[in-house]
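Visitor: Got a file for you: model.tsv, TSV, C-alpha atoms and all ligand atoms.
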```tsv
chain	number	residue	atom	x	y	z
A	1	MET	CA	-29.71	-32.73	-20.69
A	2	GLY	CA	-32.36	-33.22	-18.01
A	3	THR	CA	-32.52	-31.53	-14.63
A	4	ALA	CA	-29.61	-31.85	-12.23
A	5	LEU	CA	-29.82	-34.68	-9.71
A	6	LEU	CA	-28.27	-32.88	-6.76
A	7	GLY	CA	-31.11	-31.55	-4.64
A	8	LEU	CA	-33.48	-34.47	-5.29
A	9	ASP	CA	-34.47	-36.97	-2.61
A	10	ALA	CA	-34.51	-40.74	-3.17
A	11	SER	CA	-38.00	-40.94	-4.66
A	12	GLU	CA	-37.40	-37.93	-6.91
A	13	LEU	CA	-34.14	-39.53	-8.05
A	14	LEU	CA	-36.03	-42.70	-8.93
A	15	SER	CA	-38.48	-40.74	-11.08
A	16	ALA	CA	-35.62	-38.84	-12.72
A	17	LEU	CA	-34.18	-42.18	-13.89
A	18	GLY	CA	-37.32	-42.73	-15.96
A	19	PRO	CA	-39.89	-45.54	-15.86
A	20	GLY	CA	-39.15	-49.16	-15.09
A	21	HIS	CA	-36.44	-48.92	-12.43
A	22	PRO	CA	-36.77	-50.73	-9.07
A	23	ALA	CA	-37.05	-48.45	-6.00
A	24	PHE	CA	-33.62	-49.42	-4.70
A	25	ARG	CA	-32.01	-47.62	-7.65
A	26	GLY	CA	-33.27	-44.33	-6.22
A	27	ARG	CA	-31.73	-45.16	-2.86
A	28	GLN	CA	-28.44	-46.23	-4.44
A	29	LEU	CA	-28.22	-42.98	-6.29
A	30	TYR	CA	-29.13	-41.03	-3.15
A	31	GLU	CA	-26.39	-42.77	-1.22
A	32	ALA	CA	-23.85	-42.09	-3.96
A	33	LEU	CA	-24.75	-38.39	-4.22
A	34	TYR	CA	-24.99	-37.45	-0.56
A	35	ARG	CA	-23.15	-40.04	1.49
A	36	ARG	CA	-20.28	-40.85	-0.82
A	37	ARG	CA	-20.54	-37.43	-2.45
A	38	VAL	CA	-19.56	-38.56	-5.93
A	39	SER	CA	-18.80	-35.76	-8.35
A	40	SER	CA	-18.90	-37.74	-11.61
A	41	TRP	CA	-20.93	-40.60	-13.04
A	42	ASP	CA	-18.01	-43.02	-13.28
A	43	GLN	CA	-17.81	-42.91	-9.47
A	44	VAL	CA	-21.39	-44.21	-9.15
A	45	THR	CA	-20.09	-47.76	-9.16
A	46	THR	CA	-23.18	-49.19	-7.44
A	47	LEU	CA	-25.11	-48.75	-10.69
A	48	PRO	CA	-24.51	-51.11	-13.63
A	49	LYS	CA	-22.15	-49.70	-16.24
A	50	SER	CA	-24.76	-49.93	-19.00
A	51	LEU	CA	-27.17	-47.80	-16.97
A	52	ARG	CA	-24.45	-45.26	-16.14
A	53	ASP	CA	-23.48	-44.98	-19.80
A	54	ASP	CA	-27.08	-44.08	-20.61
A	55	LEU	CA	-27.52	-41.66	-17.67
A	56	VAL	CA	-24.29	-39.76	-18.24
A	57	THR	CA	-25.67	-38.49	-21.53
A	58	ARG	CA	-28.93	-37.19	-20.12
A	59	LEU	CA	-28.68	-36.39	-16.38
A	60	PRO	CA	-26.06	-34.02	-14.96
A	61	LEU	CA	-25.15	-34.68	-11.32
A	62	GLY	CA	-25.34	-30.95	-10.69
A	63	TRP	CA	-22.09	-30.07	-8.94
A	64	PRO	CA	-21.09	-26.43	-9.41
A	65	GLU	CA	-17.88	-25.66	-11.28
A	66	VAL	CA	-15.14	-23.50	-9.83
A	67	ALA	CA	-14.93	-20.44	-12.10
A	68	ALA	CA	-12.31	-18.70	-9.93
A	69	ASP	CA	-10.91	-18.91	-6.43
A	70	TYR	CA	-9.15	-16.41	-4.22
A	71	SER	CA	-6.91	-17.01	-1.20
A	72	SER	CA	-6.67	-14.57	1.68
A	73	VAL	CA	-3.58	-13.97	3.80
A	74	ASP	CA	-5.58	-15.34	6.75
A	75	GLY	CA	-6.30	-18.69	5.05
A	76	THR	CA	-9.85	-17.86	3.93
A	77	ARG	CA	-10.78	-19.03	0.42
A	78	ARG	CA	-13.45	-17.40	-1.70
A	79	TYR	CA	-14.88	-19.52	-4.50
A	80	LEU	CA	-16.70	-18.16	-7.48
A	81	LEU	CA	-18.92	-21.05	-8.58
A	82	ARG	CA	-20.52	-21.45	-11.99
A	83	LEU	CA	-24.00	-22.96	-11.93
A	84	GLY	CA	-25.80	-25.04	-14.56
A	85	ASP	CA	-27.24	-21.97	-16.32
A	86	GLY	CA	-23.89	-20.17	-16.43
A	87	ARG	CA	-24.63	-17.75	-13.58
A	88	THR	CA	-22.03	-17.44	-10.83
A	89	VAL	CA	-22.32	-17.22	-7.06
A	90	GLU	CA	-19.88	-17.15	-4.14
A	91	THR	CA	-19.02	-19.53	-1.31
A	92	VAL	CA	-16.41	-18.90	1.37
A	93	PHE	CA	-14.31	-21.41	3.29
A	94	MET	CA	-12.86	-20.29	6.63
A	95	PRO	CA	-10.50	-22.74	8.28
A	96	GLU	CA	-9.66	-22.28	11.95
A	97	GLU	CA	-7.65	-24.30	14.42
A	98	THR	CA	-10.48	-26.09	16.09
A	99	ARG	CA	-13.27	-25.75	13.54
A	100	ASP	CA	-13.96	-24.94	9.92
A	101	THR	CA	-16.81	-22.88	8.54
A	102	ILE	CA	-18.34	-22.87	5.07
A	103	CYS	CA	-20.38	-19.77	4.29
A	104	ILE	CA	-22.85	-20.53	1.52
A	105	SER	CA	-25.20	-18.44	-0.61
A	106	SER	CA	-28.95	-18.92	-0.89
A	107	GLN	CA	-29.61	-16.63	-3.86
A	108	VAL	CA	-27.58	-15.16	-6.72
A	109	GLY	CA	-27.36	-11.55	-5.54
A	110	CYS	CA	-29.89	-10.25	-3.01
A	111	PRO	CA	-33.15	-8.28	-3.15
A	112	VAL	CA	-32.79	-6.81	0.37
A	113	ASP	CA	-31.32	-3.37	0.03
A	114	CYS	CA	-29.13	-3.00	3.16
A	115	LYS	CA	-27.14	0.21	2.84
A	116	PHE	CA	-23.87	-1.20	4.21
A	117	CYS	CA	-23.76	-4.41	2.15
A	118	LEU	CA	-22.00	-4.90	-1.18
A	119	THR	CA	-24.22	-7.82	-2.21
A	120	ALA	CA	-27.16	-5.40	-2.22
A	121	LEU	CA	-25.53	-3.59	-5.14
A	122	MET	CA	-25.97	-6.73	-7.29
A	123	GLY	CA	-29.74	-6.84	-6.89
A	124	LEU	CA	-31.41	-10.25	-7.11
A	125	GLU	CA	-30.59	-12.47	-10.09
A	126	ARG	CA	-32.41	-15.60	-8.94
A	127	ASN	CA	-33.02	-18.09	-6.16
A	128	LEU	CA	-30.66	-21.03	-5.81
A	129	THR	CA	-32.14	-24.52	-6.01
A	130	ALA	CA	-31.78	-26.93	-3.08
A	131	GLY	CA	-29.15	-28.77	-5.13
A	132	GLU	CA	-27.17	-25.60	-5.73
A	133	ILE	CA	-27.23	-24.86	-2.00
A	134	VAL	CA	-26.08	-28.38	-1.04
A	135	GLY	CA	-23.60	-28.40	-3.94
A	136	GLN	CA	-21.63	-25.54	-2.38
A	137	VAL	CA	-21.09	-27.59	0.78
A	138	LEU	CA	-20.12	-30.74	-1.13
A	139	LEU	CA	-17.69	-28.90	-3.35
A	140	VAL	CA	-15.86	-27.11	-0.54
A	141	ALA	CA	-15.84	-30.28	1.59
A	142	ALA	CA	-14.29	-32.22	-1.29
A	143	ARG	CA	-11.69	-29.55	-2.07
A	144	HIS	CA	-10.55	-29.28	1.53
A	145	SER	CA	-11.04	-32.93	2.58
A	146	LEU	CA	-13.61	-32.03	5.22
A	147	ALA	CA	-15.93	-34.55	6.84
A	148	PRO	CA	-19.42	-32.99	6.89
A	149	GLY	CA	-20.50	-35.29	9.72
A	150	SER	CA	-17.72	-34.14	12.04
A	151	ARG	CA	-18.20	-31.71	14.89
A	152	GLN	CA	-15.53	-29.58	13.42
A	153	LEU	CA	-17.52	-28.38	10.41
A	154	ASN	CA	-20.08	-25.57	10.49
A	155	VAL	CA	-22.19	-24.31	7.63
A	156	VAL	CA	-23.63	-20.80	7.72
A	157	MET	CA	-26.15	-19.50	5.21
A	158	MET	CA	-24.70	-16.03	5.32
A	159	GLY	CA	-23.40	-15.62	1.80
A	160	GLN	CA	-25.21	-13.91	-1.03
A	161	GLY	CA	-28.95	-13.67	-0.68
A	162	GLU	CA	-31.74	-13.59	1.87
A	163	PRO	CA	-32.33	-17.24	2.81
A	164	LEU	CA	-35.84	-16.69	4.14
A	165	LEU	CA	-36.94	-15.37	0.75
A	166	ASN	CA	-35.97	-18.78	-0.61
A	167	LEU	CA	-37.22	-20.81	2.33
A	168	PRO	CA	-38.52	-23.96	0.57
A	169	ASN	CA	-35.15	-24.56	-1.09
A	170	VAL	CA	-33.25	-23.66	2.09
A	171	LEU	CA	-35.32	-26.16	4.07
A	172	LYS	CA	-34.94	-28.88	1.46
A	173	ALA	CA	-31.18	-28.32	1.37
A	174	THR	CA	-31.07	-28.49	5.16
A	175	GLN	CA	-32.90	-31.82	5.12
A	176	LEU	CA	-30.41	-33.24	2.65
A	177	LEU	CA	-27.49	-31.94	4.70
A	178	VAL	CA	-28.71	-33.42	7.98
A	179	ASP	CA	-30.09	-36.77	6.78
A	180	PRO	CA	-28.00	-39.43	8.54
A	181	LYS	CA	-28.36	-41.61	5.43
A	182	GLY	CA	-26.95	-38.76	3.36
A	183	VAL	CA	-24.52	-35.95	4.14
A	184	GLY	CA	-25.04	-36.51	7.87
A	185	MET	CA	-24.46	-33.08	9.40
A	186	SER	CA	-26.01	-32.06	12.70
A	187	GLU	CA	-28.76	-29.40	12.72
A	188	ARG	CA	-26.72	-27.67	15.38
A	189	ARG	CA	-23.90	-27.08	12.94
A	190	ILE	CA	-25.99	-25.21	10.37
A	191	THR	CA	-27.09	-21.60	10.83
A	192	VAL	CA	-29.38	-19.52	8.68
A	193	SER	CA	-29.27	-15.74	8.91
A	194	THR	CA	-32.11	-13.37	8.01
A	195	ALA	CA	-32.54	-9.64	7.57
A	196	GLY	CA	-35.91	-10.13	9.28
A	197	ILE	CA	-38.61	-11.53	7.00
A	198	ILE	CA	-41.13	-11.81	9.82
A	199	PRO	CA	-43.70	-14.30	8.44
A	200	ARG	CA	-40.93	-16.60	7.25
A	201	ILE	CA	-39.37	-16.64	10.73
A	202	ALA	CA	-42.59	-18.14	12.08
A	203	GLU	CA	-42.65	-20.63	9.19
A	204	LEU	CA	-39.05	-21.67	9.84
A	205	GLY	CA	-39.95	-22.28	13.47
A	206	GLN	CA	-42.57	-24.83	12.37
A	207	ALA	CA	-40.16	-26.91	10.26
A	208	ASP	CA	-39.30	-30.37	11.65
A	209	VAL	CA	-35.71	-30.05	10.56
A	210	ARG	CA	-34.27	-26.56	10.69
A	211	PRO	CA	-30.96	-24.77	11.07
A	212	LYS	CA	-30.23	-22.45	13.96
A	213	LEU	CA	-31.51	-18.91	13.45
A	214	ALA	CA	-29.50	-15.71	13.34
A	215	ILE	CA	-31.10	-12.29	12.89
A	216	SER	CA	-29.34	-9.28	11.44
A	217	LEU	CA	-30.39	-6.54	13.85
A	218	ASN	CA	-27.90	-3.82	12.88
A	219	ALA	CA	-29.74	-0.93	14.52
A	220	SER	CA	-31.14	-0.04	17.92
A	221	THR	CA	-34.18	2.03	16.96
A	222	GLU	CA	-36.99	1.67	14.46
A	223	ASP	CA	-35.96	4.83	12.56
A	224	GLN	CA	-32.29	3.93	12.42
A	225	ARG	CA	-33.07	0.44	11.19
A	226	ARG	CA	-35.41	1.83	8.54
A	227	GLU	CA	-32.55	4.00	7.22
A	228	LEU	CA	-29.99	1.19	7.19
A	229	MET	CA	-32.27	-1.67	6.22
A	230	PRO	CA	-35.17	-0.34	4.13
A	231	ILE	CA	-36.89	-3.72	4.47
A	232	THR	CA	-37.84	-2.47	7.95
A	233	ARG	CA	-40.41	-0.20	6.29
A	234	LYS	CA	-42.36	-3.36	5.58
A	235	TRP	CA	-41.26	-5.53	8.50
A	236	HIS	CA	-41.02	-3.32	11.60
A	237	LEU	CA	-38.38	-3.77	14.28
A	238	LYS	CA	-41.05	-3.99	16.98
A	239	ASP	CA	-42.74	-6.91	15.18
A	240	LEU	CA	-39.39	-8.54	14.48
A	241	ILE	CA	-38.62	-8.64	18.19
A	242	GLU	CA	-42.09	-10.01	18.83
A	243	ALA	CA	-41.51	-12.76	16.21
A	244	CYS	CA	-38.25	-13.60	17.97
A	245	ARG	CA	-40.03	-13.81	21.31
A	246	ALA	CA	-42.54	-16.24	19.81
A	247	TYR	CA	-39.89	-18.33	18.05
A	248	PRO	CA	-39.81	-21.93	19.32
A	249	LEU	CA	-36.18	-22.42	20.35
A	250	ARG	CA	-34.96	-25.95	20.97
A	251	PRO	CA	-33.55	-26.65	24.44
A	252	TRP	CA	-29.95	-26.32	23.26
A	253	GLU	CA	-30.51	-23.20	21.19
A	254	LYS	CA	-30.14	-19.44	21.52
A	255	LEU	CA	-31.10	-16.78	19.01
A	256	THR	CA	-28.07	-15.07	17.54
A	257	PHE	CA	-28.27	-11.39	16.70
A	258	GLU	CA	-25.76	-9.90	14.31
A	259	TYR	CA	-25.00	-6.21	14.62
A	260	VAL	CA	-22.84	-4.42	12.06
A	261	LEU	CA	-21.05	-1.51	13.73
A	262	LEU	CA	-20.94	1.64	11.61
A	263	ARG	CA	-18.73	4.40	12.91
A	264	GLY	CA	-20.69	7.31	14.35
A	265	VAL	CA	-23.98	5.85	13.11
A	266	ASN	CA	-25.06	2.96	15.34
A	267	ASP	CA	-21.99	2.35	17.53
A	268	THR	CA	-22.55	4.61	20.55
A	269	ASP	CA	-22.95	3.55	24.18
A	270	ALA	CA	-26.57	4.64	23.93
A	271	ASP	CA	-27.04	2.24	20.98
A	272	ALA	CA	-25.48	-0.57	23.01
A	273	ARG	CA	-27.85	0.11	25.90
A	274	ARG	CA	-30.83	0.12	23.53
A	275	VAL	CA	-29.68	-3.20	22.06
A	276	VAL	CA	-29.64	-4.62	25.58
A	277	ARG	CA	-33.16	-3.32	26.22
A	278	LEU	CA	-34.43	-4.76	22.94
A	279	LEU	CA	-32.98	-8.21	23.51
A	280	SER	CA	-32.75	-8.68	27.26
A	281	HIS	CA	-36.01	-10.63	27.54
A	282	LEU	CA	-34.92	-13.04	24.78
A	283	ASN	CA	-32.64	-16.06	25.02
A	284	ALA	CA	-30.08	-14.32	22.87
A	285	LYS	CA	-26.46	-13.83	22.10
A	286	VAL	CA	-24.97	-11.01	20.05
A	287	ASN	CA	-22.27	-11.12	17.41
A	288	LEU	CA	-20.79	-7.71	16.66
A	289	ILE	CA	-19.30	-7.18	13.20
A	290	ALA	CA	-17.18	-4.09	12.60
A	291	LEU	CA	-18.06	-2.84	9.12
A	292	ASN	CA	-16.17	-4.52	6.31
A	293	PRO	CA	-15.67	-1.66	3.89
A	294	GLY	CA	-16.13	-1.67	0.14
A	295	PRO	CA	-16.47	0.63	-2.83
A	296	GLY	CA	-19.86	2.35	-2.87
A	297	ILE	CA	-20.49	1.73	0.85
A	298	PRO	CA	-20.97	5.15	2.50
A	299	PHE	CA	-19.90	4.11	6.02
A	300	GLU	CA	-16.70	3.74	8.02
A	301	THR	CA	-15.39	1.05	10.32
A	302	PRO	CA	-15.21	1.96	14.01
A	303	GLY	CA	-11.87	1.57	15.78
A	304	PRO	CA	-11.17	-1.39	18.06
A	305	GLU	CA	-11.70	0.68	21.25
A	306	ARG	CA	-15.22	1.65	20.17
A	307	VAL	CA	-16.00	-1.98	19.29
A	308	ALA	CA	-14.70	-3.08	22.69
A	309	GLY	CA	-16.68	-0.32	24.44
A	310	PHE	CA	-19.89	-1.41	22.74
A	311	GLN	CA	-19.20	-5.05	23.50
A	312	SER	CA	-18.55	-4.42	27.19
A	313	ILE	CA	-22.00	-2.85	27.63
A	314	VAL	CA	-23.87	-5.63	25.83
A	315	ALA	CA	-21.77	-8.37	27.45
A	316	LYS	CA	-23.01	-7.33	30.90
A	317	ALA	CA	-26.49	-8.48	29.87
A	318	MET	CA	-25.93	-11.42	27.50
A	319	PRO	CA	-23.17	-13.28	25.68
A	320	CYS	CA	-21.62	-10.89	23.18
A	321	PHE	CA	-18.78	-11.63	20.80
A	322	VAL	CA	-16.89	-9.70	18.15
A	323	ARG	CA	-16.75	-11.55	14.85
A	324	LYS	CA	-13.24	-11.70	13.52
A	325	PRO	CA	-13.11	-10.38	9.95
A	326	ARG	CA	-12.08	-13.16	7.60
A	327	GLY	CA	-10.82	-12.67	4.08
A	328	ARG	CA	-11.29	-8.89	3.87
A	329	ASP	CA	-8.31	-8.65	1.51
A	330	ILE	CA	-10.09	-10.84	-1.07
A	331	TYR	CA	-13.61	-9.46	-0.55
A	332	ALA	CA	-14.75	-12.58	1.23
A	333	ALA	CA	-15.84	-11.08	4.57
A	334	CYS	CA	-19.45	-10.44	5.74
A	335	GLY	CA	-21.23	-8.10	3.37
A	336	GLN	CA	-18.43	-8.14	0.79
A	337	LEU	CA	-19.70	-10.82	-1.59
A	338	LYS	CA	-20.16	-9.10	-4.91
A	339	ARG	CA	-18.07	-11.30	-7.19
A	340	VAL	CA	-15.12	-8.89	-7.04
A	341	ALA	CA	-12.70	-10.22	-9.67
A	342	ALA	CA	-8.93	-10.61	-9.51
A	343	GLU	CA	-8.26	-7.52	-11.69
A	344	GLU	CA	-10.47	-5.34	-9.49
A	345	LEU	CA	-8.88	-6.69	-6.28
A	346	VAL	CA	-5.50	-5.34	-7.32
A	347	GLY	CA	-6.95	-1.82	-7.61
A	348	LEU	CA	-8.88	-2.06	-4.34
A	349	ARG	CA	-6.12	-3.30	-2.07
A	401	LIG	N1	-29.50	-11.68	4.09
A	401	LIG	C1	-29.16	-12.42	5.29
A	401	LIG	C2	-27.95	-13.29	5.10
A	401	LIG	C3	-26.66	-12.55	4.91
A	401	LIG	S1	-25.70	-12.71	6.35
A	401	LIG	C4	-29.00	-11.47	6.46
A	401	LIG	O1	-29.08	-10.27	6.24
A	401	LIG	O2	-28.85	-11.90	7.57
A	401	LIG	C5	-24.54	-11.43	6.15
A	401	LIG	C6	-24.29	-10.71	7.44
A	401	LIG	O3	-23.29	-9.71	7.20
A	401	LIG	C7	-25.53	-9.97	7.95
A	401	LIG	O4	-25.59	-10.07	9.35
A	401	LIG	C8	-25.25	-8.53	7.56
A	401	LIG	O5	-25.90	-7.63	8.43
A	401	LIG	C9	-23.75	-8.45	7.66
A	401	LIG	N2	-23.15	-7.45	6.79
A	401	LIG	C10	-23.63	-6.96	5.63
A	401	LIG	N3	-22.80	-6.05	5.11
A	401	LIG	C11	-21.76	-5.96	5.96
A	401	LIG	C12	-20.55	-5.21	5.96
A	401	LIG	N4	-20.28	-4.35	4.99
A	401	LIG	N5	-19.70	-5.37	6.99
A	401	LIG	C13	-19.99	-6.24	7.98
A	401	LIG	N6	-21.09	-7.00	8.03
A	401	LIG	C14	-21.97	-6.86	7.03
```
For this file, produce the structure as structure tokens.
Ligand code: SAH

Guide:
Amino acid sequence: MGTALLGLDASELLSALGPGHPAFRGRQLYEALYRRRVSSWDQVTTLPKSLRDDLVTRLPLGWPEVAADYSSVDGTRRYLLRLGDGRTVETVFMPEETRDTICISSQVGCPVDCKFCLTALMGLERNLTAGEIVGQVLLVAARHSLAPGSRQLNVVMMGQGEPLLNLPNVLKATQLLVDPKGVGMSERRITVSTAGIIPRIAELGQADVRPKLAISLNASTEDQRRELMPITRKWHLKDLIEACRAYPLRPWEKLTFEYVLLRGVNDTDADARRVVRLLSHLNAKVNLIALNPGPGIPFETPGPERVAGFQSIVAKAMPCFVRKPRGRDIYAACGQLKRVAAEELVGLR
């Protein structure tokens, strides 16, 4: 079998067909893959049957397969998806009353060694291709009858992986997701989150089509961030804030900062005041995340009063929200994606 089609643009699709096809075949295939979101060759009815019969034997469309799925008491679904090479990665669907969110992965595992995150324990297996990134959205949209073009659907690249260490594929996937001739999402409904890969932040800012940017801050001093996020040894907090200051926001956009609250570690009033000082000259909002616990994570979750106390200090200076944990019971919440299997879940609950 040849390479998967999902992830290719119209001209790449035309070349994948082989020599001798008119250009419109590439566009027909593009339309079928991204606008109609076909998941099997027999649905590509715009192509002649004889051509389809030939292609089905040599070109996989590239949709991921569902290897397992888990349902939370709060309605969250965690999908374990099997990719073309047999590796598996996770995607999370979070329905809400007025909007739905799909949290997708950008890598299998993650090379960034954050001390509070379960995905870090996997290490990096590999980057996802643009098609594998888009495929997660298409699969969840199909399963839950979601319309990607609607204002109700948000996609966040906050699953496994560090998206800015796979920036070319993340940007290509974003282009495919926002092309009005294809999937047709709005750039405003896609968010990419980074642990702070400083040179890639600048590069993202230069892209014509780009998601909104979220930064995982998670600490209020250089030393504390170095302890919690060893990547800070290379990319300093001071320079991260400078990169944020230089980032070209669009008129409708704010920078989002995520801050994981770890009991007794980075959750004091003094931390909150330092966060305000770090961010007050930026056009920023803050999302607080009380630690989602997991085996092997040497931190505790602060109580709701502490979270509220922290929030009230930051909220005096800038918009500050507390992210509701979703799917903790099935290991689907922020920082919990480590392919925890059904048998293990029983023991952990
Ligand atoms: N690597 C990227 C994308 C992952 S986003 C990044 O770091 O931004 C996942 C978010 O969940 C990040 O903001 C991260 O700081 C947060 N997180 C990680 N582990 C967590 C945990 N155990 N509890 C709560 N949030 C966590």

Visitor: Quote the spacing between atom CA of Leu118 of chain A and atom CA of Met318 of chain A in Å to one decimal place.

Guide: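 One can read the atom CA of Leu118 of chain A to atom CA of Met318 of chain A distance as 29.7 Å.
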
Visitor: Could you check which of A:His236, A:Arg77, A:Lys324, A:Lys285 is closest to Glu253 of chain A, using only C-alpha atoms?

Guide: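 Of A:His236, A:Arg77, A:Lys324, A:Lys285, the one nearest Glu253 of chain A, counting only C-alpha atoms, is A:Lys285.
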
Visitor: Check which residues fall inside 7 Å of ligand LIG 401 (chain A) when counting only C-alpha atoms and all ligand atoms, and print them as a PyMOL selection string.

Guide: chain A and resi 112+116-118+157-163+193-195+214-216+218+258-260+289-294+334-336

Visitor: What's the separation between atom CA of Leu262 of chain A and atom CA of Ile201 of chain A, in Å to one decimal place?

Guide: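 The value is 26.0 Å.
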
Visitor: For Lys181 of chain A, find every residue with an atom within 12 Å (counting only C-alpha atoms), except residues of its own chain fewer than 5 positions away, and show them as a list in words.

Guide: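 Counting only C-alpha atoms, the residues come to Asp9, Ala10, Arg27, Gln28, Leu29, Tyr30, Glu31, Ala32, Leu33, Tyr34, Arg35, Arg36, Arg37, Gly149, Gln175 and Leu176 of chain A.
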
Visitor: Contacts between segment 120-144 of chain A and segment 24-69 of chain A, please, where a residue of segment 24-69 of chain A counts if it comes within 10 Å (with only C-alpha atoms); show its shortest atom pair and distance in Å to one decimal, rows by chain and ascending number, as a tab-separated table.

Guide:
```
residue	atom	partner	partner_atom	distance
A:Leu33	CA	A:Leu138	CA	9.5
A:Tyr34	CA	A:Leu138	CA	8.3
A:Arg37	CA	A:Leu138	CA	6.8
A:Val38	CA	A:Leu138	CA	9.2
A:Ser39	CA	A:Leu139	CA	8.6
A:Leu61	CA	A:Gly131	CA	9.4
A:Gly62	CA	A:Gly131	CA	7.1
A:Trp63	CA	A:Gly135	CA	5.5
A:Pro64	CA	A:Gly135	CA	6.3
A:Glu65	CA	A:Leu139	CA	8.6
A:Val66	CA	A:Leu139	CA	8.8
```

Visitor: For a cutoff of 12 Å around the file-coordinate point (-21.0, -19.3, -11.4), which residues qualify once you count all atoms listed in the file? I'd like the result as a list of chain:residue names.

Guide: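 Within the cut-off we find A:Trp63, A:Pro64, A:Glu65, A:Val66, A:Ala67, A:Ala68, A:Asp69, A:Tyr79, A:Leu80, A:Leu81, A:Arg82, A:Leu83, A:Gly84, A:Asp85, A:Gly86, A:Arg87, A:Thr88, A:Val89, A:Glu90, A:Thr91, A:Ser105, A:Gln107, A:Val108, A:Gly109, A:Glu125, A:Leu128, A:Glu132, A:Gln136, A:Arg339.
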
Visitor: Which residues, protein or nucleic acid, reach to within 12 Å of (-34.1, -27.5, 13.2) in the file's coordinates when using only C-alpha atoms, and can you give that as a ChimeraX atom specification?

Guide: /A:170-172,174-175,177-179,185-192,203-213,247-253

Visitor: Contacts of segment 96-98 of chain A at 9 Å or less, counting only C-alpha atoms, minus same-chain residues fewer than 2 places along, as a short mmCIF file (atom, residue, chain, number, x, y, z; two decimals) with C-alpha atoms, in the coordinates of the input?

Guide:
```cif
data_model
loop_
_atom_site.label_atom_id
_atom_site.label_comp_id
_atom_site.auth_asym_id
_atom_site.auth_seq_id
_atom_site.Cartn_x
_atom_site.Cartn_y
_atom_site.Cartn_z
CA GLY A 75 -6.30 -18.69 5.05
CA MET A 94 -12.86 -20.29 6.63
CA ASP A 100 -13.96 -24.94 9.92
CA THR A 101 -16.81 -22.88 8.54
CA GLN A 152 -15.53 -29.58 13.42
#
```

Visitor: Go ahead and fit an axis-aligned box to every listed atom of segment 195-206 of chain A plus 4 Å each side, and pass me the centre and edge lengths in Å, one decimal, as JSON.

Guide:
```
{"center_x": -38.1, "center_y": -17.2, "center_z": 10.2, "size_x": 19.2, "size_y": 23.2, "size_z": 14.5}
```

Visitor: Compile the contact shell of Asn266 of chain A as number ranges by chain: residues with an atom at most 12 Å away, counting only C-alpha atoms, same-chain residues fewer than 3 positions apart removed.

Guide: A: 116, 217-221, 223-225, 227-228, 259-263, 269-275, 288-291, 299-302, 306-307, 310

Visitor: For Ile102 of chain A, which of A:Pro148, A:Thr268, A:Gln43, A:Gly184 is the closest residue, counting all atoms listed in the file?

Guide: A:Pro148

Visitor: Have a look at A:Pro95, A:Gly26, A:Pro60, A:Pro295 and name the one nearest to Asp74 of chain A; count only C-alpha atoms.

Guide: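 Once distances to Asp74 of chain A are computed over only C-alpha atoms, the minimum belongs to A:Pro95.
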
Visitor: Name the closest residue to Pro298 of chain A among the candidates A:Met1, A:Leu165, A:Val265, A:Ile231; distances are taken between atoms, counting all atoms listed in the file.

Guide: A:Val265

Visitor: In Å to one decimal, how far is atom CA of Pro319 of chain A from atom CA of Val286 of chain A?

Guide: 6.3 Å
